[in-house]
>>> print(open('data_33.cif').read())   # mmCIF, C-alpha atoms and all ligand atoms
data_upload
loop_
_atom_site.label_atom_id
_atom_site.label_comp_id
_atom_site.auth_asym_id
_atom_site.auth_seq_id
_atom_site.Cartn_x
_atom_site.Cartn_y
_atom_site.Cartn_z
CA MET N 1 -60.85 -88.42 49.86
CA THR N 2 -57.59 -89.75 51.36
CA SER N 3 -57.36 -89.73 55.15
CA PRO N 4 -54.74 -87.63 56.98
CA THR N 5 -51.29 -89.19 57.39
CA GLY N 6 -51.38 -92.00 59.90
CA ALA N 7 -55.13 -91.79 60.56
CA GLU N 8 -55.77 -95.24 59.10
CA LEU N 9 -53.31 -96.68 61.63
CA ARG N 10 -55.33 -95.30 64.53
CA ARG N 11 -58.50 -97.27 63.82
CA GLY N 12 -59.73 -100.68 62.63
CA PRO N 13 -58.58 -104.18 63.62
CA PHE N 14 -54.98 -104.81 64.67
CA THR N 15 -52.64 -105.48 61.77
CA ALA N 16 -49.25 -107.16 61.52
CA GLY N 17 -46.37 -104.77 62.21
CA GLU N 18 -48.19 -102.38 64.50
CA ARG N 19 -47.56 -101.82 68.19
CA VAL N 20 -50.10 -103.01 70.74
CA GLN N 21 -50.15 -102.23 74.43
CA LEU N 22 -51.03 -105.19 76.66
CA THR N 23 -52.20 -104.64 80.25
CA ASP N 24 -52.21 -107.59 82.64
CA PRO N 25 -54.62 -108.03 85.61
CA LYS N 26 -52.14 -106.22 87.91
CA GLY N 27 -52.05 -103.18 85.61
CA ARG N 28 -48.55 -103.92 84.28
CA MET N 29 -48.06 -102.79 80.69
CA HIS N 30 -46.10 -104.41 77.88
CA THR N 31 -45.80 -103.02 74.36
CA ILE N 32 -45.36 -105.55 71.56
CA ALA N 33 -44.98 -105.20 67.78
CA LEU N 34 -47.32 -107.70 66.16
CA ALA N 35 -45.55 -110.24 63.94
CA PRO N 36 -47.19 -113.29 62.34
CA GLY N 37 -46.04 -116.55 63.98
CA LYS N 38 -44.45 -114.76 66.98
CA GLN N 39 -45.30 -115.28 70.67
CA PHE N 40 -45.31 -112.98 73.69
CA HIS N 41 -43.81 -114.86 76.67
CA THR N 42 -43.94 -114.09 80.39
CA HIS N 43 -43.01 -116.27 83.36
CA ARG N 44 -46.68 -117.32 83.33
CA GLY N 45 -47.43 -118.65 79.86
CA TYR N 46 -47.43 -117.04 76.43
CA LEU N 47 -49.84 -115.73 73.83
CA ALA N 48 -49.68 -115.89 70.07
CA HIS N 49 -49.48 -112.63 68.12
CA ASP N 50 -51.67 -114.29 65.48
CA ASP N 51 -54.56 -114.29 67.99
CA LEU N 52 -54.36 -110.48 68.11
CA ILE N 53 -53.83 -109.80 64.39
CA GLY N 54 -57.30 -109.06 63.00
CA ALA N 55 -58.86 -108.57 66.49
CA PRO N 56 -60.58 -105.25 67.25
CA ASP N 57 -58.81 -102.56 69.29
CA GLY N 58 -59.87 -102.97 72.93
CA SER N 59 -59.97 -106.78 72.83
CA THR N 60 -59.04 -109.08 75.68
CA ILE N 61 -56.94 -112.15 75.11
CA LYS N 62 -55.93 -115.07 77.39
CA ASN N 63 -52.48 -116.59 77.35
CA THR N 64 -51.71 -120.31 77.70
CA ALA N 65 -51.86 -120.03 81.54
CA GLY N 66 -55.28 -118.34 81.46
CA VAL N 67 -53.92 -114.84 82.29
CA GLU N 68 -56.15 -112.27 80.60
CA TYR N 69 -54.64 -109.23 78.86
CA LEU N 70 -56.36 -106.10 77.61
CA ALA N 71 -55.01 -105.14 74.18
CA LEU N 72 -55.13 -101.49 73.09
CA ARG N 73 -53.51 -99.46 70.36
CA PRO N 74 -51.19 -96.90 72.09
CA LEU N 75 -52.36 -93.29 72.02
CA LEU N 76 -49.82 -90.63 71.03
CA ALA N 77 -49.31 -89.90 74.76
CA ASP N 78 -48.45 -93.58 75.34
CA TYR N 79 -46.27 -93.79 72.26
CA VAL N 80 -44.00 -90.82 73.10
CA MET N 81 -43.36 -92.17 76.58
CA SER N 82 -42.25 -95.59 75.32
CA MET N 83 -40.48 -94.78 72.03
CA PRO N 84 -36.66 -94.81 71.72
CA ARG N 85 -35.06 -91.62 73.02
CA GLY N 86 -31.93 -89.67 72.25
CA ALA N 87 -32.67 -86.49 74.20
CA ALA N 88 -35.28 -86.09 76.94
CA VAL N 89 -38.79 -85.66 75.54
CA ILE N 90 -41.45 -83.05 76.21
CA TYR N 91 -44.08 -84.88 78.23
CA PRO N 92 -47.67 -85.09 76.97
CA LYS N 93 -48.90 -82.68 79.66
CA ASP N 94 -46.60 -79.97 78.30
CA ALA N 95 -47.05 -80.88 74.62
CA SER N 96 -50.81 -80.45 74.99
CA GLN N 97 -50.28 -77.04 76.61
CA ILE N 98 -47.96 -76.02 73.80
CA VAL N 99 -50.46 -76.97 71.10
CA MET N 100 -53.17 -74.86 72.76
CA MET N 101 -51.22 -71.95 74.20
CA ALA N 102 -48.98 -71.43 71.16
CA ASP N 103 -52.21 -71.60 69.14
CA MET N 104 -51.23 -74.29 66.64
CA PHE N 105 -53.80 -74.53 63.88
CA PRO N 106 -54.32 -76.66 60.75
CA GLY N 107 -52.33 -75.09 57.92
CA ALA N 108 -49.95 -73.18 60.26
CA VAL N 109 -46.29 -72.74 59.28
CA VAL N 110 -44.26 -73.62 62.36
CA VAL N 111 -40.59 -73.65 63.32
CA GLU N 112 -39.34 -75.96 66.06
CA ALA N 113 -35.88 -76.44 67.59
CA GLY N 114 -34.37 -78.73 68.77
CA VAL N 115 -36.04 -81.86 67.59
CA GLY N 116 -34.46 -84.19 70.17
CA SER N 117 -36.40 -87.45 70.04
CA GLY N 118 -39.29 -85.97 68.04
CA ALA N 119 -41.96 -86.19 70.75
CA LEU N 120 -43.16 -82.61 70.38
CA SER N 121 -42.76 -82.74 66.60
CA MET N 122 -45.44 -85.42 66.43
CA SER N 123 -47.96 -83.31 68.36
CA LEU N 124 -47.14 -80.32 66.17
CA LEU N 125 -47.54 -82.35 62.98
CA ARG N 126 -50.93 -83.59 64.10
CA ALA N 127 -51.98 -80.01 64.85
CA VAL N 128 -50.79 -78.39 61.60
CA GLY N 129 -51.81 -81.35 59.42
CA GLU N 130 -50.98 -81.96 55.75
CA THR N 131 -51.82 -78.40 54.76
CA GLY N 132 -49.40 -76.91 57.27
CA ARG N 133 -45.62 -77.05 57.49
CA LEU N 134 -43.30 -77.90 60.32
CA HIS N 135 -39.67 -76.82 59.87
CA SER N 136 -37.72 -78.58 62.61
CA PHE N 137 -34.05 -77.93 63.39
CA GLU N 138 -31.66 -80.13 65.33
CA ARG N 139 -27.93 -79.67 65.63
CA ARG N 140 -27.23 -83.35 66.34
CA GLU N 141 -27.57 -85.57 63.30
CA ASP N 142 -27.97 -88.73 65.41
CA PHE N 143 -30.90 -87.21 67.34
CA ALA N 144 -32.53 -86.08 64.10
CA GLU N 145 -32.32 -89.67 62.81
CA ILE N 146 -33.95 -91.03 65.98
CA ALA N 147 -36.72 -88.43 65.75
CA LYS N 148 -37.43 -89.17 62.08
CA ALA N 149 -37.56 -92.91 62.77
CA ASN N 150 -39.95 -92.39 65.71
CA ALA N 151 -42.28 -90.21 63.65
CA ARG N 152 -42.14 -92.59 60.66
CA GLU N 153 -43.13 -95.48 62.91
CA TYR N 154 -45.98 -93.48 64.43
CA PHE N 155 -47.41 -92.03 61.18
CA GLY N 156 -46.61 -95.13 59.10
CA ALA N 157 -44.75 -92.93 56.57
CA ASP N 158 -42.68 -89.74 56.41
CA HIS N 159 -45.11 -86.95 57.25
CA PRO N 160 -45.53 -84.76 54.13
CA ALA N 161 -45.63 -81.51 56.17
CA TRP N 162 -42.31 -82.14 57.92
CA THR N 163 -38.79 -81.06 57.08
CA VAL N 164 -35.93 -81.71 59.49
CA THR N 165 -32.79 -79.65 59.02
CA VAL N 166 -29.58 -80.68 60.75
CA GLY N 167 -27.79 -77.60 62.02
CA ASP N 168 -27.83 -74.85 64.58
CA LEU N 169 -31.04 -72.81 64.44
CA VAL N 170 -29.15 -69.51 64.46
CA GLU N 171 -27.32 -70.37 61.24
CA ALA N 172 -29.87 -72.62 59.55
CA LEU N 173 -33.12 -70.70 60.08
CA PRO N 174 -32.29 -67.61 57.94
CA ARG N 175 -31.17 -69.95 55.11
CA THR N 176 -34.34 -72.02 55.27
CA VAL N 177 -37.32 -69.67 55.69
CA GLU N 178 -38.27 -66.24 54.43
CA ASN N 179 -38.41 -63.31 56.85
CA GLY N 180 -41.89 -62.76 58.28
CA SER N 181 -43.24 -66.06 56.94
CA ILE N 182 -43.58 -68.10 60.14
CA ASP N 183 -46.77 -68.28 62.22
CA ARG N 184 -45.44 -70.05 65.32
CA VAL N 185 -42.06 -70.93 66.84
CA VAL N 186 -41.36 -73.41 69.63
CA LEU N 187 -37.91 -73.61 71.20
CA ASP N 188 -36.92 -76.49 73.47
CA MET N 189 -33.17 -76.08 73.99
CA LEU N 190 -30.60 -75.04 76.54
CA ALA N 191 -30.13 -71.42 75.45
CA PRO N 192 -33.21 -70.13 73.60
CA TRP N 193 -32.13 -66.49 74.19
CA GLU N 194 -29.33 -67.03 71.66
CA CYS N 195 -31.95 -67.57 68.94
CA LEU N 196 -34.23 -64.58 69.53
CA ASP N 197 -32.81 -62.41 66.70
CA VAL N 198 -33.34 -65.03 63.99
CA VAL N 199 -36.72 -66.01 65.44
CA ALA N 200 -37.86 -62.36 65.42
CA ASP N 201 -36.85 -62.08 61.74
CA ALA N 202 -38.68 -65.28 60.80
CA LEU N 203 -41.92 -64.60 62.68
CA ALA N 204 -44.85 -62.87 61.02
CA PRO N 205 -46.33 -59.88 62.92
CA GLY N 206 -48.47 -61.26 65.75
CA GLY N 207 -46.78 -64.66 65.49
CA VAL N 208 -46.30 -66.64 68.69
CA LEU N 209 -42.98 -67.69 70.21
CA LEU N 210 -43.11 -70.30 72.96
CA CYS N 211 -40.06 -71.57 74.85
CA TYR N 212 -39.92 -74.63 77.07
CA VAL N 213 -37.14 -74.43 79.66
CA ALA N 214 -36.23 -76.76 82.49
CA THR N 215 -34.91 -74.33 85.10
CA ALA N 216 -35.87 -71.04 86.70
CA THR N 217 -32.51 -69.54 85.75
CA GLN N 218 -33.18 -70.21 82.04
CA LEU N 219 -36.69 -68.83 82.45
CA SER N 220 -35.36 -65.60 83.90
CA LYS N 221 -32.69 -65.22 81.23
CA VAL N 222 -35.02 -65.81 78.30
CA ALA N 223 -37.71 -63.51 79.74
CA GLU N 224 -35.24 -60.64 80.06
CA ALA N 225 -33.84 -61.31 76.59
CA MET N 226 -37.38 -61.17 75.16
CA ARG N 227 -37.90 -57.80 76.84
CA ASP N 228 -34.50 -56.46 75.81
CA ALA N 229 -35.16 -57.31 72.15
CA ASP N 230 -37.92 -54.65 72.03
CA LEU N 231 -39.59 -56.71 69.31
CA PHE N 232 -41.99 -58.80 71.38
CA THR N 233 -44.95 -58.36 73.71
CA GLU N 234 -44.54 -58.73 77.48
CA PRO N 235 -43.79 -62.44 78.05
CA GLN N 236 -46.05 -64.71 80.10
CA ALA N 237 -44.76 -67.76 81.94
CA TRP N 238 -46.31 -70.70 83.77
CA GLU N 239 -45.91 -74.35 84.64
CA THR N 240 -48.43 -77.12 84.98
CA LEU N 241 -48.59 -79.76 87.66
CA VAL N 242 -50.74 -82.75 86.82
CA ARG N 243 -51.73 -85.01 89.68
CA GLY N 244 -53.40 -88.29 88.76
CA TRP N 245 -56.12 -89.76 90.96
CA HIS N 246 -56.38 -93.23 92.36
CA LEU N 247 -59.89 -94.63 91.88
CA GLU N 248 -60.58 -97.79 93.82
CA GLY N 249 -63.74 -98.40 95.83
CA LEU N 250 -63.83 -95.85 98.62
CA ALA N 251 -60.16 -95.02 98.14
CA VAL N 252 -60.72 -92.10 95.77
CA ARG N 253 -57.78 -89.77 96.32
CA PRO N 254 -54.75 -88.21 94.60
CA GLN N 255 -52.06 -90.68 93.60
CA HIS N 256 -49.07 -90.78 95.91
CA ARG N 257 -46.57 -90.28 93.11
CA MET N 258 -46.46 -87.59 90.47
CA HIS N 259 -44.00 -85.85 88.16
CA GLY N 260 -43.31 -82.86 90.40
CA HIS N 261 -41.40 -80.92 87.75
CA THR N 262 -40.96 -81.10 83.99
CA GLY N 263 -40.40 -77.57 82.71
CA PHE N 264 -41.62 -73.98 82.44
CA LEU N 265 -43.40 -72.50 79.45
CA ILE N 266 -43.01 -68.90 78.38
CA THR N 267 -44.77 -67.21 75.48
CA THR N 268 -44.59 -63.89 73.73
CA ARG N 269 -45.79 -62.46 70.39
CA ARG N 270 -43.94 -60.68 67.62
CA LEU N 271 -44.79 -57.00 67.31
CA ALA N 272 -45.31 -55.44 63.88
CA PRO N 273 -42.13 -53.98 62.36
CA GLY N 274 -41.28 -50.57 63.80
CA VAL N 275 -43.56 -50.94 66.83
CA THR N 276 -42.04 -50.66 70.30
CA PRO N 277 -43.57 -52.61 73.19
CA PRO N 278 -46.45 -50.57 74.65
CA LEU N 279 -46.49 -52.28 78.03
CA ARG N 280 -43.35 -52.34 80.09
CA LYS N 281 -44.19 -52.93 83.72
CA ARG N 282 -40.70 -52.16 84.93
CA ARG N 283 -37.12 -52.25 83.86
CA PRO N 284 -35.47 -55.64 84.29
CA GLY N 285 -33.93 -55.93 87.74
CA LYS N 286 -30.19 -56.37 88.05
CA GLY N 287 -30.96 -59.66 89.74
CA TYR N 288 -31.35 -61.44 86.43
CA VAL N 289 -27.60 -61.47 85.99
CA THR N 290 -26.73 -65.03 86.94
CA GLY N 291 -23.81 -67.39 87.29
CA GLU N 292 -20.32 -65.94 87.31
CA GLU N 293 -21.53 -62.55 86.10
CA ALA N 294 -23.63 -62.00 89.23
CA THR N 295 -22.07 -60.02 92.05
CA GLU N 296 -23.19 -59.70 95.67
CA GLN N 297 -24.62 -56.25 94.87
CA ASP N 298 -26.88 -57.66 92.14
CA TRP N 299 -28.88 -59.74 94.63
CA THR N 300 -30.83 -56.93 96.27
CA PRO N 301 -34.37 -57.38 97.59
CA GLU N 302 -35.61 -54.89 94.96
CA ALA N 303 -33.95 -56.88 92.16
CA ILE N 304 -35.91 -59.99 93.07
CA GLY N 305 -39.16 -58.06 93.51
CA GLU N 306 -39.23 -58.29 97.31
CA ARG N 307 -41.12 -55.58 99.14
CA VAL N 308 -38.80 -53.90 101.64
CA PRO N 309 -40.64 -52.76 104.80
CA SER N 310 -39.96 -49.23 106.04
CA ASP N 311 -37.79 -48.79 109.14
CA LYS N 312 -40.83 -47.31 110.90
CA ARG N 313 -42.88 -50.42 110.21
CA VAL N 314 -40.09 -52.72 111.39
CA ARG N 315 -39.76 -50.70 114.64
CA ARG N 316 -43.50 -51.06 115.19
CA VAL N 317 -43.33 -54.84 114.68
CA VAL N 318 -40.34 -55.11 117.03
CA ARG N 319 -42.25 -53.15 119.68
CA SER N 320 -45.27 -55.42 119.25
CA VAL N 321 -43.26 -58.61 119.76
CA THR N 322 -41.13 -57.33 122.66
CA ASP N 323 -43.80 -55.41 124.53
CA THR N 324 -44.13 -57.19 127.89
CA SER N 325 -46.35 -54.61 129.58
CA PRO N 326 -49.41 -56.27 131.24
CA LEU N 327 -52.63 -56.13 129.27
CA ALA N 328 -54.95 -53.31 130.23
C1 LIG S 1 -34.51 -81.54 75.13
S1 LIG S 1 -34.11 -81.82 73.48
C2 LIG S 1 -35.62 -81.57 72.60
C3 LIG S 1 -36.66 -82.63 72.86
C4 LIG S 1 -37.86 -82.55 71.95
N1 LIG S 1 -38.57 -81.30 72.10
C5 LIG S 1 -38.80 -83.72 72.18
O1 LIG S 1 -39.93 -83.50 72.63
O2 LIG S 1 -38.43 -84.85 71.89
C6 LIG S 1 -33.18 -80.39 73.08
C7 LIG S 1 -32.48 -80.52 71.73
O3 LIG S 1 -32.14 -79.25 71.24
C8 LIG S 1 -30.96 -79.40 70.46
N2 LIG S 1 -30.43 -78.02 70.34
C9 LIG S 1 -29.93 -77.24 71.33
N3 LIG S 1 -29.60 -76.03 70.85
C10 LIG S 1 -29.91 -76.03 69.53
C11 LIG S 1 -29.78 -75.07 68.49
N4 LIG S 1 -29.30 -73.85 68.73
N5 LIG S 1 -30.18 -75.41 67.25
C12 LIG S 1 -30.67 -76.65 66.99
N6 LIG S 1 -30.81 -77.60 67.95
C13 LIG S 1 -30.42 -77.31 69.19
C14 LIG S 1 -30.14 -80.38 71.25
O4 LIG S 1 -29.19 -81.03 70.44
C15 LIG S 1 -31.23 -81.34 71.78
O5 LIG S 1 -31.38 -82.46 70.95
#
>>> encode(input="data_33.cif", output="C-alpha cells", more="lines below")
Ligand SMILES: C[S@@+](CC[C@H](N)C(=O)[O-])C[C@H]1O[C@@H](n2cnc3c(N)ncnc32)[C@H](O)[C@@H]1O
Amino acid sequence: MTSPTGAELRRGPFTAGERVQLTDPKGRMHTIALAPGKQFHTHRGYLAHDDLIGAPDGSTIKNTAGVEYLALRPLLADYVMSMPRGAAVIYPKDASQIVMMADMFPGAVVVEAGVGSGALSMSLLRAVGETGRLHSFERREDFAEIAKANAREYFGADHPAWTVTVGDLVEALPRTVENGSIDRVVLDMLAPWECLDVVADALAPGGVLLCYVATATQLSKVAEAMRDADLFTEPQAWETLVRGWHLEGLAVRPQHRMHGHTGFLITTRRLAPGVTPPLRKRRPGKGYVTGEEATEQDWTPEAIGERVPSDKRVRRVVRSVTDTSPLA
C-alpha cells in the first residue's frame, strides 16, 4: 500500500533537500534546507549539513565552537509560519478550528477561495486526503504560483487531490463544479458576501460554509448577507484567543506576548432546496449598514442590540444617586 502524499517526508532519518529546524541553547530557531557539502554558519562556529543527513529526527548536533543545536523536522504549523508569503496566511490556531468546525473529512469535496499563500490549503488537503478533492480559487496568478510552490515543497509533489484555478470565485466556480456537488466551502477574502449566490448553488444540502474575516465590519456584513439569502441556517460566529504559557521553574504563568487578534470565523449550513430558514431570531437591524451608506439614524441603540432602559427606571436611578436625605 502506498503512503498518503507527503507522509514519507514526515518520518525517518533526515534526507538531503529537506528542511530542518535548528534550535540553539537560547531557544533561537533557524530553518535550513539540507544540502550535501554545505555548512550552516553563525557568528559562533558552523556545522556541516552532512552531519545531519542520515541522523534521526530529534537529534542534537554540536557546531565547531561546541554550541549544541536540537534538530527537528518542522511540523505543518511551523512550516506555514516560515514559508514564503504573498498574502497573509491563516494562522495554525484558526486553520485547526476550520478543519474541525467546518467538519472536513477524508474524501470530502471542498471549495476554497482565495488561496493566498496556500497555508490553509495544506491543512485542507491533509484533512480531505487523496480520496477527497480541494478546488481552490485565487484571482491573483502570482499568489497561486507561490501557494502551489509552498504546497509542493511541503508534500514533496503536487498533491493529487488539489486543483488551483486562477480567477474570481464568482465567475470561475459555476464553470468548475456542478451545482449541489460540494460538501464544504471556506472563504478567506475581503468580500465573501459577494460570493454567497454561487456558493449556495455549489453546496450540497446540509453542506457547510465557513468564512474567515479580519474585521467586525466584515463579520456583520457577511452575517446579514447569509440571513438575507434565505438559503442558509442561522450563522454562528466566534474567535479564538490562544495564550501560550511560560514554563520555567517556579515561573509558570501566561506568556507576556500573544497574538491578540487574527480573525473571526463564521459558519452556516446550506438548507435543502425550497426550504426557508426555520429560525429567525429577529430581523437584521438597520445598524448593519456601514461605511458611506450608514446615516446617523441607522446607529440607534436598538439597531446594535442595546437594551434601552425605561424613563421610569432612569428616574429611579437618578433619584437613588442624588438622594441626600439622611439615612433612617
Ligand atoms: C488573505 S488571502 C488568503 C490566505 C490563505 N487563506 C492562506 O492561508 O494562505 C486572501 C486572498 O483572496 C484572494 N481573493 C479575494 N477575493 C477573491 C475572489 N472573489 N476570488 C478569488 N480570490 C479572491 C486575494 O487575491 C488574496 O490572495
>>> atom_distance(input="data_33.cif", atom1="CA of Ala102 (chain N)", atom2="CA of Asn150 (chain N)")
23.5 Å
>>> residues_near_ligand(input="data_33.cif", ligand="ligand LIG 1 (chain S)", cutoff="8 Å", atoms="only C-alpha atoms and all ligand atoms", output="ChimeraX atom specification")
/N:85-91,95,113-121,137-140,143-144,147,166-170,187-192,194-195
>>> write_last_selection(input="data_33.cif", atoms="C-alpha atoms", output="PDB file, keeping the file's coordinate frame")
ATOM      1  CA  ARG N  85     -35.060 -91.620  73.020  1.00  0.00           C
ATOM      2  CA  GLY N  86     -31.930 -89.670  72.250  1.00  0.00           C
ATOM      3  CA  ALA N  87     -32.670 -86.490  74.200  1.00  0.00           C
ATOM      4  CA  ALA N  88     -35.280 -86.090  76.940  1.00  0.00           C
ATOM      5  CA  VAL N  89     -38.790 -85.660  75.540  1.00  0.00           C
ATOM      6  CA  ILE N  90     -41.450 -83.050  76.210  1.00  0.00           C
ATOM      7  CA  TYR N  91     -44.080 -84.880  78.230  1.00  0.00           C
ATOM      8  CA  ALA N  95     -47.050 -80.880  74.620  1.00  0.00           C
ATOM      9  CA  ALA N 113     -35.880 -76.440  67.590  1.00  0.00           C
ATOM     10  CA  GLY N 114     -34.370 -78.730  68.770  1.00  0.00           C
ATOM     11  CA  VAL N 115     -36.040 -81.860  67.590  1.00  0.00           C
ATOM     12  CA  GLY N 116     -34.460 -84.190  70.170  1.00  0.00           C
ATOM     13  CA  SER N 117     -36.400 -87.450  70.040  1.00  0.00           C
ATOM     14  CA  GLY N 118     -39.290 -85.970  68.040  1.00  0.00           C
ATOM     15  CA  ALA N 119     -41.960 -86.190  70.750  1.00  0.00           C
ATOM     16  CA  LEU N 120     -43.160 -82.610  70.380  1.00  0.00           C
ATOM     17  CA  SER N 121     -42.760 -82.740  66.600  1.00  0.00           C
ATOM     18  CA  PHE N 137     -34.050 -77.930  63.390  1.00  0.00           C
ATOM     19  CA  GLU N 138     -31.660 -80.130  65.330  1.00  0.00           C
ATOM     20  CA  ARG N 139     -27.930 -79.670  65.630  1.00  0.00           C
ATOM     21  CA  ARG N 140     -27.230 -83.350  66.340  1.00  0.00           C
ATOM     22  CA  PHE N 143     -30.900 -87.210  67.340  1.00  0.00           C
ATOM     23  CA  ALA N 144     -32.530 -86.080  64.100  1.00  0.00           C
ATOM     24  CA  ALA N 147     -36.720 -88.430  65.750  1.00  0.00           C
ATOM     25  CA  VAL N 166     -29.580 -80.680  60.750  1.00  0.00           C
ATOM     26  CA  GLY N 167     -27.790 -77.600  62.020  1.00  0.00           C
ATOM     27  CA  ASP N 168     -27.830 -74.850  64.580  1.00  0.00           C
ATOM     28  CA  LEU N 169     -31.040 -72.810  64.440  1.00  0.00           C
ATOM     29  CA  VAL N 170     -29.150 -69.510  64.460  1.00  0.00           C
ATOM     30  CA  LEU N 187     -37.910 -73.610  71.200  1.00  0.00           C
ATOM     31  CA  ASP N 188     -36.920 -76.490  73.470  1.00  0.00           C
ATOM     32  CA  MET N 189     -33.170 -76.080  73.990  1.00  0.00           C
ATOM     33  CA  LEU N 190     -30.600 -75.040  76.540  1.00  0.00           C
ATOM     34  CA  ALA N 191     -30.130 -71.420  75.450  1.00  0.00           C
ATOM     35  CA  PRO N 192     -33.210 -70.130  73.600  1.00  0.00           C
ATOM     36  CA  GLU N 194     -29.330 -67.030  71.660  1.00  0.00           C
ATOM     37  CA  CYS N 195     -31.950 -67.570  68.940  1.00  0.00           C
TER      38      CYS N 195
END
>>> residues_around(input="data_33.cif", residues="Leu271 (chain N)", least_positions_apart="5", cutoff="12 Å", atoms="only C-alpha atoms", output="list in words")
Gly180, Ala200, Asp201, Leu203, Ala204, Pro205, Gly206, Gly207, Val208, Leu209, Met226, Arg227, Ala229, Asp230, Leu231, Phe232, Thr233, Glu234, Thr276, Pro277, Pro278 and Leu279 of chain N
>>> closest_atom_pairs(input="data_33.cif", of="region 14-132 of chain N", to="region 250-260 of chain N", cutoff="12 Å", atoms="only C-alpha atoms", output="tab-separated table")
residue	atom	partner	partner_atom	distance
N:Tyr91	CA	N:His259	CA	10.0
N:Pro92	CA	N:His259	CA	11.8
N:Lys93	CA	N:His259	CA	10.3
N:Asp94	CA	N:His259	CA	11.8
>>> write_last_selection(input="data_33.cif", atoms="C-alpha atoms", output="short mmCIF file (atom, residue, chain, number, x, y, z; two decimals), in the frame of the given file")
data_model
loop_
_atom_site.label_atom_id
_atom_site.label_comp_id
_atom_site.auth_asym_id
_atom_site.auth_seq_id
_atom_site.Cartn_x
_atom_site.Cartn_y
_atom_site.Cartn_z
CA TYR N 91 -44.08 -84.88 78.23
CA PRO N 92 -47.67 -85.09 76.97
CA LYS N 93 -48.90 -82.68 79.66
CA ASP N 94 -46.60 -79.97 78.30
#
>>> closest_atom_pairs(input="data_33.cif", of="region 107-203 of chain N", to="region 16-24 of chain N", cutoff="12 Å", atoms="only C-alpha atoms", output="JSON lines")
{"residue": "N:Glu153", "atom": "CA", "partner": "N:Glu18", "partner_atom": "CA", "distance": 8.7}
{"residue": "N:Tyr154", "atom": "CA", "partner": "N:Glu18", "partner_atom": "CA", "distance": 9.2}
{"residue": "N:Phe155", "atom": "CA", "partner": "N:Glu18", "partner_atom": "CA", "distance": 10.9}
{"residue": "N:Gly156", "atom": "CA", "partner": "N:Glu18", "partner_atom": "CA", "distance": 9.2}
>>> write_last_selection(input="data_33.cif", atoms="C-alpha atoms", output="compact mmCIF listing (two decimals), keeping the file's coordinate frame")
# COMPACT_ATOMS: atom_id res chain seq x y z
CA GLU N 153 -43.13 -95.48 62.91
CA TYR N 154 -45.98 -93.48 64.43
CA PHE N 155 -47.41 -92.03 61.18
CA GLY N 156 -46.61 -95.13 59.10
>>> atom_distance(input="data_33.cif", atom1="CA of Cys211 (chain N)", atom2="CA of Glu306 (chain N)")
26.1 Å
>>> residues_near_point(input="data_33.cif", point="(-47.9, -73.2, 84.2)", cutoff="10 Å", atoms="only C-alpha atoms", output="CSV table (one decimal) with C-alpha atoms, in the frame of the given file")
chain,number,residue,atom,x,y,z
N,94,ASP,CA,-46.6,-80.0,78.3
N,97,GLN,CA,-50.3,-77.0,76.6
N,236,GLN,CA,-46.0,-64.7,80.1
N,237,ALA,CA,-44.8,-67.8,81.9
N,238,TRP,CA,-46.3,-70.7,83.8
N,239,GLU,CA,-45.9,-74.4,84.6
N,240,THR,CA,-48.4,-77.1,85.0
N,241,LEU,CA,-48.6,-79.8,87.7
N,263,GLY,CA,-40.4,-77.6,82.7
N,264,PHE,CA,-41.6,-74.0,82.4
N,265,LEU,CA,-43.4,-72.5,79.4
N,266,ILE,CA,-43.0,-68.9,78.4
>>> atom_distance(input="data_33.cif", atom1="CA of His261 (chain N)", atom2="CA of Leu76 (chain N)")
21.1 Å
>>> residues_around(input="data_33.cif", residues="Gly45 (chain N)", least_positions_apart="6", cutoff="12 Å", atoms="only C-alpha atoms", output="list of chain:residue names")
N:Gln39, N:Lys62, N:Asn63, N:Thr64, N:Ala65, N:Gly66, N:Val67, N:Glu68, N:Tyr69
>>> decode(input="data_33.cif", residues="region 168-200 of chain N", atoms="C-alpha atoms", output="PDB file, in the first residue's frame")
ATOM      1  CA  ASP N 168     -12.571  35.272  -9.418  1.00  0.00           C
ATOM      2  CA  LEU N 169     -14.677  32.758  -7.486  1.00  0.00           C
ATOM      3  CA  VAL N 170     -17.942  34.338  -8.642  1.00  0.00           C
ATOM      4  CA  GLU N 171     -17.117  33.687 -12.304  1.00  0.00           C
ATOM      5  CA  ALA N 172     -14.954  30.581 -12.016  1.00  0.00           C
ATOM      6  CA  LEU N 173     -16.925  28.458  -9.528  1.00  0.00           C
ATOM      7  CA  PRO N 174     -20.048  27.836 -11.698  1.00  0.00           C
ATOM      8  CA  ARG N 175     -17.752  26.850 -14.608  1.00  0.00           C
ATOM      9  CA  THR N 176     -15.749  24.430 -12.489  1.00  0.00           C
ATOM     10  CA  VAL N 177     -18.140  22.461 -10.267  1.00  0.00           C
ATOM     11  CA  GLU N 178     -21.621  21.029 -10.623  1.00  0.00           C
ATOM     12  CA  ASN N 179     -24.494  22.543  -8.645  1.00  0.00           C
ATOM     13  CA  GLY N 180     -25.077  20.768  -5.336  1.00  0.00           C
ATOM     14  CA  SER N 181     -21.839  18.773  -5.536  1.00  0.00           C
ATOM     15  CA  ILE N 182     -19.735  20.477  -2.858  1.00  0.00           C
ATOM     16  CA  ASP N 183     -19.570  19.314   0.773  1.00  0.00           C
ATOM     17  CA  ARG N 184     -17.699  22.254   2.321  1.00  0.00           C
ATOM     18  CA  VAL N 185     -16.719  25.810   1.355  1.00  0.00           C
ATOM     19  CA  VAL N 186     -14.157  28.036   3.064  1.00  0.00           C
ATOM     20  CA  LEU N 187     -13.858  31.700   2.094  1.00  0.00           C
ATOM     21  CA  ASP N 188     -10.902  33.817   3.206  1.00  0.00           C
ATOM     22  CA  MET N 189     -11.229  37.054   1.236  1.00  0.00           C
ATOM     23  CA  LEU N 190     -12.157  40.693   1.595  1.00  0.00           C
ATOM     24  CA  ALA N 191     -15.789  40.470   0.466  1.00  0.00           C
ATOM     25  CA  PRO N 192     -17.185  36.953   0.995  1.00  0.00           C
ATOM     26  CA  TRP N 193     -20.792  38.279   0.789  1.00  0.00           C
ATOM     27  CA  GLU N 194     -20.256  38.828  -2.949  1.00  0.00           C
ATOM     28  CA  CYS N 195     -19.827  35.062  -3.402  1.00  0.00           C
ATOM     29  CA  LEU N 196     -22.851  33.761  -1.479  1.00  0.00           C
ATOM     30  CA  ASP N 197     -25.053  33.132  -4.552  1.00  0.00           C
ATOM     31  CA  VAL N 198     -22.514  30.932  -6.334  1.00  0.00           C
ATOM     32  CA  VAL N 199     -21.566  29.204  -3.083  1.00  0.00           C
ATOM     33  CA  ALA N 200     -25.236  28.414  -2.356  1.00  0.00           C
TER      34      ALA N 200
END
